[in-house]
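**Q** What follows is data-v6.tsv, TSV, C-alpha atoms and all ligand atoms.
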chain	number	residue	atom	x	y	z
A	910	MET	CA	-7.50	-13.22	21.33
A	911	ASP	CA	-7.69	-10.18	23.56
A	912	MET	CA	-5.32	-10.38	26.45
A	913	THR	CA	-6.46	-7.14	28.02
A	914	GLY	CA	-5.85	-7.11	31.68
A	915	THR	CA	-3.13	-9.69	31.82
A	916	GLU	CA	-0.97	-8.76	28.89
A	917	PHE	CA	1.23	-6.22	30.54
A	918	ASP	CA	1.91	-7.85	33.82
A	919	SER	CA	5.51	-8.76	33.77
A	920	ALA	CA	4.88	-11.55	36.22
A	921	PRO	CA	6.97	-14.65	35.53
A	922	GLY	CA	5.30	-16.90	33.04
A	923	THR	CA	3.19	-14.33	31.24
A	924	GLY	CA	6.05	-13.02	29.14
A	925	PHE	CA	4.39	-9.66	28.68
A	926	SER	CA	6.25	-6.52	29.51
A	927	GLN	CA	5.39	-3.08	28.24
A	928	ALA	CA	8.58	-1.73	29.84
A	929	ARG	CA	10.64	-4.27	27.95
A	930	LEU	CA	8.95	-3.43	24.65
A	931	LYS	CA	9.72	0.27	25.08
A	932	ARG	CA	13.28	-0.40	26.18
A	933	GLU	CA	13.95	-2.68	23.21
A	934	MET	CA	12.38	-0.24	20.74
A	935	LEU	CA	14.29	2.72	22.21
A	936	ASN	CA	17.51	0.73	21.73
A	937	LEU	CA	16.69	0.67	18.00
A	938	SER	CA	15.50	4.28	17.76
A	939	ALA	CA	17.27	7.61	17.24
A	940	SER	CA	15.36	9.48	19.95
A	941	GLN	CA	15.52	8.19	23.48
A	942	VAL	CA	12.21	9.85	24.35
A	943	TRP	CA	9.42	7.33	23.84
A	944	ASP	CA	6.79	9.72	22.47
A	945	THR	CA	9.24	10.90	19.80
A	946	ALA	CA	10.87	7.52	19.18
A	947	ARG	CA	7.45	5.96	18.62
A	948	THR	CA	6.83	8.24	15.61
A	949	GLU	CA	10.06	7.07	13.94
A	950	TRP	CA	8.48	3.64	13.34
A	951	GLU	CA	6.45	2.62	10.31
A	952	LEU	CA	4.62	-0.57	9.49
A	953	SER	CA	6.76	-2.39	6.93
A	954	THR	CA	4.69	-5.53	6.60
A	955	VAL	CA	2.51	-7.96	8.50
A	956	LEU	CA	3.26	-11.59	9.24
A	957	GLU	CA	1.30	-14.52	10.53
A	958	GLY	CA	3.21	-17.04	12.52
A	959	TRP	CA	4.33	-17.90	15.97
A	960	GLN	CA	7.11	-15.70	17.15
A	961	ASP	CA	8.15	-13.57	20.05
A	962	CYS	CA	6.91	-10.04	20.29
A	963	LEU	CA	9.72	-7.64	21.16
A	964	CYS	CA	7.96	-7.24	24.54
A	965	GLY	CA	8.92	-10.84	25.28
A	966	HIS	CA	5.50	-12.35	24.88
A	967	TYR	CA	5.43	-15.65	23.07
A	968	PRO	CA	3.87	-16.98	20.99
A	969	ILE	CA	2.19	-14.22	19.01
A	970	LYS	CA	0.31	-15.10	15.85
A	971	GLU	CA	-0.36	-11.66	14.39
A	972	LEU	CA	3.00	-10.00	13.95
A	973	CYS	CA	4.16	-6.74	12.46
A	974	LEU	CA	7.55	-6.02	10.98
A	975	LEU	CA	8.26	-2.40	11.87
A	976	VAL	CA	11.01	-0.29	10.35
A	977	ASN	CA	12.56	2.74	11.99
A	978	THR	CA	12.79	5.56	9.44
A	979	GLU	CA	15.70	7.22	11.29
A	980	THR	CA	17.95	4.25	12.07
A	981	GLY	CA	16.82	1.69	9.48
A	982	SER	CA	16.35	-0.88	12.25
A	983	PHE	CA	13.66	-3.53	12.04
A	984	ALA	CA	11.61	-4.93	14.89
A	985	THR	CA	9.04	-7.71	15.06
A	986	VAL	CA	6.20	-6.65	17.33
A	987	GLY	CA	2.84	-8.28	18.02
A	988	ASN	CA	-0.22	-6.62	16.55
A	989	CYS	CA	-1.62	-6.04	20.01
A	990	CYS	CA	1.46	-4.13	21.21
A	991	VAL	CA	1.61	-2.16	17.95
A	992	ARG	CA	-2.01	-1.12	18.31
A	993	ARG	CA	-1.67	-0.13	21.94
A	994	PHE	CA	1.73	1.48	22.11
A	995	VAL	CA	3.10	2.28	18.67
A	996	GLN	CA	-0.29	3.20	17.29
A	997	LEU	CA	0.18	2.13	13.69
A	998	PRO	CA	-2.85	0.77	11.77
A	999	SER	CA	-1.77	-2.88	11.81
A	1000	ASN	CA	-5.00	-4.03	13.42
A	1001	LEU	CA	-7.00	-2.65	10.48
A	1002	VAL	CA	-4.79	-4.66	8.14
A	1003	PHE	CA	-5.35	-7.88	10.11
A	1004	GLN	CA	-9.10	-7.22	10.28
A	1005	ALA	CA	-9.24	-6.86	6.49
A	1006	ILE	CA	-7.17	-9.99	5.92
A	1007	LYS	CA	-9.43	-12.04	8.19
A	1008	ARG	CA	-12.59	-10.66	6.55
A	1009	VAL	CA	-11.38	-11.46	3.03
A	1010	ARG	CA	-10.08	-14.87	4.04
A	1011	ARG	CA	-13.58	-15.75	5.27
A	1012	ASP	CA	-15.20	-14.38	2.12
A	1013	ILE	CA	-13.09	-13.62	-0.93
A	1014	THR	CA	-15.81	-11.35	-2.37
A	1015	ARG	CA	-15.48	-8.87	0.51
A	1016	SER	CA	-13.17	-5.86	0.40
A	1017	LEU	CA	-9.85	-5.10	1.96
A	1018	ASN	CA	-9.66	-1.66	3.56
A	1019	THR	CA	-7.43	1.30	2.77
A	1020	ALA	CA	-4.80	0.30	5.34
A	1021	ALA	CA	-4.45	-3.18	3.85
A	1022	VAL	CA	-4.46	-2.02	0.23
A	1023	SER	CA	-1.80	0.64	0.94
A	1024	LEU	CA	0.35	-1.91	2.72
A	1025	ALA	CA	-0.04	-4.34	-0.19
A	1026	HIS	CA	1.01	-1.63	-2.64
A	1027	ARG	CA	3.99	-0.51	-0.53
A	1028	ASN	CA	5.17	-4.11	-0.43
A	1029	GLN	CA	4.61	-4.45	-4.20
A	1030	TRP	CA	2.12	-7.26	-3.73
A	1031	ILE	CA	-0.12	-5.26	-6.06
A	1032	ASN	CA	0.93	-2.82	-8.79
A	1033	ASP	CA	-0.12	0.79	-9.42
A	1034	TRP	CA	-2.95	-0.22	-11.74
A	1035	GLU	CA	-4.32	-2.73	-9.23
A	1036	LEU	CA	-4.16	-0.14	-6.46
A	1037	LYS	CA	-6.18	2.37	-8.51
A	1038	PHE	CA	-8.63	-0.29	-9.62
A	1039	TYR	CA	-9.15	-1.49	-6.05
A	1040	GLN	CA	-9.64	2.02	-4.67
A	1041	ASN	CA	-12.29	2.50	-7.32
A	1042	VAL	CA	-14.25	-0.66	-6.63
A	1043	MET	CA	-13.72	-1.35	-2.93
A	1044	ARG	CA	-16.86	0.45	-1.77
A	1045	ARG	CA	-19.03	-0.42	-4.75
A	1046	ARG	CA	-21.55	-3.21	-4.91
A	1047	ASP	CA	-22.60	-2.81	-8.56
A	1048	LEU	CA	-19.55	-4.52	-10.02
A	1049	SER	CA	-19.49	-6.30	-13.35
A	1050	HIS	CA	-18.59	-9.97	-13.44
A	1051	LYS	CA	-15.12	-9.02	-14.68
A	1052	GLN	CA	-14.59	-6.43	-11.95
A	1053	ARG	CA	-15.69	-8.88	-9.26
A	1054	ALA	CA	-13.29	-11.47	-10.62
A	1055	LYS	CA	-10.41	-8.99	-10.70
A	1056	LYS	CA	-11.13	-7.84	-7.15
A	1057	ALA	CA	-11.15	-11.45	-5.91
A	1058	GLN	CA	-7.91	-12.08	-7.77
A	1059	ILE	CA	-6.27	-9.14	-5.98
A	1060	ASN	CA	-7.66	-10.36	-2.64
A	1061	ARG	CA	-6.12	-13.77	-3.28
A	1062	ALA	CA	-2.78	-12.21	-4.20
A	1063	VAL	CA	-2.72	-10.26	-0.94
A	1064	LEU	CA	-3.67	-13.32	1.13
A	1065	ALA	CA	-0.98	-15.35	-0.62
A	1066	ALA	CA	1.61	-12.65	0.06
A	1067	VAL	CA	0.72	-12.57	3.77
A	1068	SER	CA	1.00	-16.37	3.91
A	1069	ARG	CA	4.38	-16.24	2.17
A	1070	ASN	CA	5.42	-13.78	4.86
A	1071	SER	CA	4.57	-16.30	7.53
A	1072	ALA	CA	7.20	-16.67	10.13
A	1073	PRO	CA	9.25	-19.86	10.22
A	1074	PRO	CA	9.02	-22.25	13.18
A	1075	PRO	CA	9.48	-20.49	16.50
A	1076	ARG	CA	12.90	-19.54	17.70
A	1077	ARG	CA	13.38	-18.36	21.21
A	1078	ASN	CA	15.94	-15.69	20.45
A	1079	ALA	CA	14.13	-12.56	19.24
A	1080	ALA	CA	17.38	-10.61	19.05
A	1081	ALA	CA	18.75	-12.98	16.41
A	1082	GLN	CA	15.72	-12.32	14.22
A	1083	LEU	CA	16.33	-8.58	14.40
A	1084	ASP	CA	19.82	-8.95	12.97
A	1085	ASP	CA	18.44	-10.16	9.69
A	1086	PRO	CA	14.83	-9.17	9.01
A	1087	ARG	CA	15.08	-10.72	5.54
A	1088	GLY	CA	15.17	-14.08	7.27
A	1089	ILE	CA	11.49	-13.78	8.11
A	1090	LEU	CA	10.50	-12.24	4.78
A	1091	GLN	CA	11.81	-14.91	2.46
B	1	ZN	ZN	4.05	-7.52	22.75
If you convert what's in this file into structure tokens, what do you get?
Ligand SMILES: [Zn+2]
**A**
Amino acid sequence: MDMTGTEFDSAPGTGFSQARLKREMLNLSASQVWDTARTEWELSTVLEGWQDCLCGHYPIKELCLLVNTETGSFATVGNCCVRRFVQLPSNLVFQAIKRVRRDITRSLNTAAVSLAHRNQWINDWELKFYQNVMRRRDLSHKQRAKKAQINRAVLAAVSRNSAPPPRRNAAAQLDDPRGILQ
């Protein structure tokens, strides 16, 4: 769903506001200069569900939990806003997840595998194994099976991360990011 063109109108009813996203993220950042504050944020994990983006848009299905490395704050931001304004590789992660969900024999990409490892969805050995086989087509039966098993583990972890039923108050979610991770 590409909302290009309408997404950042802040006209009543659309819910999109780039200004609001930046204001809310600055509130949670150390720097008050957007171009600096933006670089304080890292992609903690991805979620699929129906929640508000910090920009106010609702509902968003592809969500990112961002963590600020300076303040420790968390923020839930839609993939589209992350891609456009925060410029973290969340869209690559979602592309990989969708590809593998359609066909379990396909490969995740580096962004998705790194995220899976950071979140301990896969261990060190699985990371190394995957990096070795992800661009190869001449896999043994065993290697193919192991790769598919890792793909399934990552898909299951993303599903576990799925956001609970929508709540209208995005600020309440920010107080306790664990609430959307458990
Ligand atoms: Zn947004």
**Q** One decimal, in Å: what's the spacing between atom CA of Asn1018 of chain A and atom CA of Phe994 of chain A?
**A**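 Spanning atom CA of Asn1018 of chain A to atom CA of Phe994 of chain A is a straight-line distance of 22.0 Å.
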**Q** Please compute the atom CA of Ser926 of chain A-atom CA of Ala946 of chain A distance, one decimal, in Å.
**A**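 These atoms are spaced 18.0 Å apart.
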**Q** What separation in Å, quoted to one decimal, exists between atom CA of Ile1013 of chain A and atom CA of Tyr1039 of chain A?
**A** 13.7 Å
**Q** Quick one: of A:Val1002, A:Val976, A:Ile1031, A:Cys989, who's nearest to Ser1016 of chain A, counting all atoms listed in the file?
**A**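 Of A:Val1002, A:Val976, A:Ile1031, A:Cys989, the one nearest Ser1016 of chain A is A:Val1002, counting all atoms listed in the file.
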**Q** Which polymer residues have any atom within 12 Å of an atom of Asp1012 of chain A, counting all atoms listed in the file, with same-chain residues fewer than 4 positions away left out, as a PyMOL selection string?
**A** chain A and resi 1005-1008+1016-1017+1057+1060-1061+1064
**Q** Which one of A:Leu952, A:Leu997, A:Arg1046, A:Arg1027 sits closest to Thr1014 of chain A if you count only C-alpha atoms?
**A** A:Arg1046
**Q** Ranking A:Arg1045, A:Arg932, A:His966, A:Arg1010 by minimum distance to ligand ZN 1 (chain B) and counting all atoms listed in the file, which one comes first?
**A**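 Checking each candidate against ligand ZN 1 (chain B), we get A:His966 as the closest.
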**Q** Mind running chain A against ligand ZN 1 (chain B) at 10 Å and telling me each contacting residue's nearest atom pair with the distance in Å (one decimal), counting all atoms listed in the file, chain and number ascending, as JSON lines?
**A**
{"residue": "A:Glu916", "atom": "CA", "partner": "B:ZN1", "partner_atom": "ZN", "distance": 8.0}
{"residue": "A:Phe917", "atom": "CA", "partner": "B:ZN1", "partner_atom": "ZN", "distance": 8.4}
{"residue": "A:Gly924", "atom": "CA", "partner": "B:ZN1", "partner_atom": "ZN", "distance": 8.7}
{"residue": "A:Phe925", "atom": "CA", "partner": "B:ZN1", "partner_atom": "ZN", "distance": 6.3}
{"residue": "A:Ser926", "atom": "CA", "partner": "B:ZN1", "partner_atom": "ZN", "distance": 7.2}
{"residue": "A:Gln927", "atom": "CA", "partner": "B:ZN1", "partner_atom": "ZN", "distance": 7.2}
{"residue": "A:Arg929", "atom": "CA", "partner": "B:ZN1", "partner_atom": "ZN", "distance": 9.0}
{"residue": "A:Leu930", "atom": "CA", "partner": "B:ZN1", "partner_atom": "ZN", "distance": 6.7}
{"residue": "A:Lys931", "atom": "CA", "partner": "B:ZN1", "partner_atom": "ZN", "distance": 9.9}
{"residue": "A:Asp961", "atom": "CA", "partner": "B:ZN1", "partner_atom": "ZN", "distance": 7.8}
{"residue": "A:Cys962", "atom": "CA", "partner": "B:ZN1", "partner_atom": "ZN", "distance": 4.5}
{"residue": "A:Leu963", "atom": "CA", "partner": "B:ZN1", "partner_atom": "ZN", "distance": 5.9}
{"residue": "A:Cys964", "atom": "CA", "partner": "B:ZN1", "partner_atom": "ZN", "distance": 4.3}
{"residue": "A:Gly965", "atom": "CA", "partner": "B:ZN1", "partner_atom": "ZN", "distance": 6.4}
{"residue": "A:His966", "atom": "CA", "partner": "B:ZN1", "partner_atom": "ZN", "distance": 5.5}
{"residue": "A:Tyr967", "atom": "CA", "partner": "B:ZN1", "partner_atom": "ZN", "distance": 8.3}
{"residue": "A:Pro968", "atom": "CA", "partner": "B:ZN1", "partner_atom": "ZN", "distance": 9.6}
{"residue": "A:Ile969", "atom": "CA", "partner": "B:ZN1", "partner_atom": "ZN", "distance": 7.9}
{"residue": "A:Leu972", "atom": "CA", "partner": "B:ZN1", "partner_atom": "ZN", "distance": 9.2}
{"residue": "A:Thr985", "atom": "CA", "partner": "B:ZN1", "partner_atom": "ZN", "distance": 9.2}
{"residue": "A:Val986", "atom": "CA", "partner": "B:ZN1", "partner_atom": "ZN", "distance": 5.9}
{"residue": "A:Gly987", "atom": "CA", "partner": "B:ZN1", "partner_atom": "ZN", "distance": 4.9}
{"residue": "A:Asn988", "atom": "CA", "partner": "B:ZN1", "partner_atom": "ZN", "distance": 7.6}
{"residue": "A:Cys989", "atom": "CA", "partner": "B:ZN1", "partner_atom": "ZN", "distance": 6.5}
{"residue": "A:Cys990", "atom": "CA", "partner": "B:ZN1", "partner_atom": "ZN", "distance": 4.5}
{"residue": "A:Val991", "atom": "CA", "partner": "B:ZN1", "partner_atom": "ZN", "distance": 7.6}
{"residue": "A:Arg992", "atom": "CA", "partner": "B:ZN1", "partner_atom": "ZN", "distance": 9.9}
{"residue": "A:Arg993", "atom": "CA", "partner": "B:ZN1", "partner_atom": "ZN", "distance": 9.4}
{"residue": "A:Phe994", "atom": "CA", "partner": "B:ZN1", "partner_atom": "ZN", "distance": 9.3}
**Q** Of the residues A:Asn1028, A:Glu951, A:Gln960, A:Val1042, which is the one nearest to Ser999 of chain A, using all atoms listed in the file?
**A**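 That would be A:Glu951, the residue with the smallest distance to Ser999 of chain A.
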